[in-house]
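This report refers to the structure that appears directly beneath it.
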Amino acid sequence: MNPLVGDFARPAAPAPVIVALDFADAAQTLAFVRGLDPAQCQLKIGKELFTATGRALAEQLMAQGFKLFLDLKYHDIPNTVAQACKVAAQMGVWLLDVHAGGGRRMMEAAAEAVAGFAERPKLLGVTVLTSMEAADLRELGWADEPQTLVRRWAALAQDSGLDGVVCSAQEAQMLRQDAGADFLLVTPGIRLADGAGGDDQRRVMTPEQAVAAGADYLVMGRPITRAADPAAVLRQVNAAVRA
Ligand SMILES: O=C(O)c1cc(=O)[nH]c(=O)n1[C@@H]1O[C@H](COP(=O)(O)O)[C@@H](O)[C@H]1O
């Protein structure tokens, strides 16, 4: 086969950065998104923005060509989570998440709820939040180190039919080995090597480290949204991780 034809036929790898739109209203969000290109990043709507704007803004951003991670981290009884996942799947979002701590029956119900959709969202299990460290777990009664719990919950998420997990990039290498190439690893807690603080994050890594460790997607909020030139930071991260 002509290698050139092969190259043209192969779809471009999706942009690895998911920008967390942690804004308070639609106007601010739309003004920010105007500077972004769907070929260079994906978008995430979480609890703050969704509570403020509901599905209208989510649908508007998808209509602009952005793939959307609806990050509402469902955590409830199996029936409630399954019904919420069904509604999210009807919206046409790309990624959707539930807390792995909701357990096997909750995750299985969520997976079953989205299974029937022709273009279903990929379903992720949130393992141990990247803002937590061992001391936080101990206070909650968990004697395990974060990575031990992440490993156990990721295995349970995979066994329950989920497509991947949200974890710290610090656990990505271990999970890639455990779960294989097709299991999605989405890693928040990304901080640039420029020395700026980790904010409330505890288990952090740089974009380059995260990708080298096996992360598929990097969730980045404040390092991009609070930058003087967000598009320039995104270009810099894309260049670094694709080098
Ligand atoms: O599910 C998430 O996206 C998530 C899981 C997690 O363990 N840690 C975490 O920070 N997040 C989200 O990732 C984003 C991180 O934002 P920054 O810390 O500003 O980069 C926020 O929107 C969080 O809600």
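Chain labels A, B, ... are given in the sequence in which chains occur in the structure tokens; within each chain residues are numbered consecutively from 1, and ligands are likewise numbered from 1 in the order shown.
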- If you run DSSP on the backbone, which residues of region 4-136 of chain A are helix (DSSP H, G or I), as an MDAnalysis selection string? chainID A and resid 4:9 26:33 47:63 78:91 100:102 104:115 134:136
At a cut-off of 9 Å, can you tabulate as CSV every residue of region 50-133 of chain A near region 176-187 of chain A together with its closest atom pair and the distance in Å to one decimal, using only C-alpha atoms and ordering rows by chain then number?
```
residue,atom,partner,partner_atom,distance
A:Lys122,CA,A:Leu184,CA,8.8
A:Leu124,CA,A:Leu184,CA,7.9
A:Thr130,CA,A:Thr187,CA,8.6
```
With N, CA and C atoms kept, could you save the residues just selected as a PDB file, in the first residue's frame?
```pdb
ATOM      1  N   LYS A 122     -18.665   7.220  26.420  1.00  0.00           N
ATOM      2  CA  LYS A 122     -17.746   6.356  27.164  1.00  0.00           C
ATOM      3  C   LYS A 122     -17.975   6.651  28.639  1.00  0.00           C
ATOM      4  N   LEU A 124     -16.824   6.497  32.537  1.00  0.00           N
ATOM      5  CA  LEU A 124     -15.614   6.442  33.373  1.00  0.00           C
ATOM      6  C   LEU A 124     -15.982   6.297  34.843  1.00  0.00           C
ATOM      7  N   THR A 130      -7.998  13.351  42.809  1.00  0.00           N
ATOM      8  CA  THR A 130      -6.594  13.792  42.774  1.00  0.00           C
ATOM      9  C   THR A 130      -6.277  14.819  43.874  1.00  0.00           C
TER      10      THR A 130
END
```
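Of the listed residues A:Ala169, A:Leu95, A:Leu21, A:Ala88, the one whose atoms come nearest to ligand 1 is A:Leu21, with distances taken using only C-alpha atoms and all ligand atoms.
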- Message: According to DSSP computed on the backbone, where in region 54-104 of chain A is there strand (DSSP E)? Give the residues as a VMD selection string.
- Response: chain A and resid 68 to 74 95 to 99
- Task: Determine, counting only C-alpha atoms, which protein, DNA and RNA residues have an atom within 12 Å of an atom of region 26-28 of chain A; residues of the same chain fewer than 6 positions away are not included. Present the result as a PyMOL selection string.
- Result: chain A and resi 34-35+45+48-61+225
Since we have the selection now, will you write its residues out, keeping N, CA and C atoms, as a compact mmCIF listing (two decimals), in the first residue's frame?
```
# COMPACT_ATOMS: atom_id res chain seq x y z
N ARG A 34 -14.42 30.93 22.77
CA ARG A 34 -14.18 31.59 21.47
C ARG A 34 -12.71 31.50 21.06
N GLY A 35 -11.81 31.43 22.03
CA GLY A 35 -10.39 31.36 21.70
C GLY A 35 -9.88 29.94 21.49
N ILE A 45 -17.57 20.00 31.16
CA ILE A 45 -18.48 20.78 32.01
C ILE A 45 -18.66 20.01 33.30
N GLU A 48 -20.17 23.07 38.78
CA GLU A 48 -20.47 24.51 38.90
C GLU A 48 -21.20 25.01 37.65
N LEU A 49 -20.60 24.77 36.49
CA LEU A 49 -21.18 25.31 35.26
C LEU A 49 -22.51 24.63 34.92
N PHE A 50 -22.60 23.34 35.16
CA PHE A 50 -23.85 22.64 34.83
C PHE A 50 -24.98 23.11 35.75
N THR A 51 -24.64 23.36 37.00
CA THR A 51 -25.67 23.84 37.93
C THR A 51 -26.16 25.22 37.49
N ALA A 52 -25.25 26.01 36.93
CA ALA A 52 -25.62 27.36 36.50
C ALA A 52 -26.37 27.35 35.17
N THR A 53 -25.99 26.47 34.25
CA THR A 53 -26.48 26.62 32.87
C THR A 53 -27.26 25.42 32.33
N GLY A 54 -27.20 24.28 33.02
CA GLY A 54 -27.95 23.11 32.55
C GLY A 54 -27.48 22.61 31.20
N ARG A 55 -28.37 21.90 30.51
CA ARG A 55 -27.93 21.24 29.27
C ARG A 55 -27.86 22.21 28.09
N ALA A 56 -28.47 23.38 28.20
CA ALA A 56 -28.50 24.29 27.04
C ALA A 56 -27.08 24.66 26.59
N LEU A 57 -26.23 25.02 27.53
CA LEU A 57 -24.86 25.41 27.17
C LEU A 57 -24.08 24.19 26.66
N ALA A 58 -24.30 23.05 27.30
CA ALA A 58 -23.63 21.82 26.87
C ALA A 58 -23.96 21.54 25.41
N GLU A 59 -25.22 21.67 25.06
CA GLU A 59 -25.63 21.40 23.68
C GLU A 59 -25.07 22.45 22.72
N GLN A 60 -24.99 23.68 23.18
CA GLN A 60 -24.43 24.74 22.34
C GLN A 60 -22.96 24.47 22.03
N LEU A 61 -22.20 24.01 23.02
CA LEU A 61 -20.78 23.74 22.80
C LEU A 61 -20.59 22.53 21.88
N THR A 225 -7.25 27.95 32.14
CA THR A 225 -8.30 28.98 32.22
C THR A 225 -7.79 30.27 32.89
```
- Counting only C-alpha atoms and all ligand atoms, name the residues that have an atom within 10 Å of an atom of ligand 1; the answer should be given as a PyMOL selection string. chain A and resi 18-23+44-49+69-73+96-99+124-132+165-168+186-192+198-204+218-226
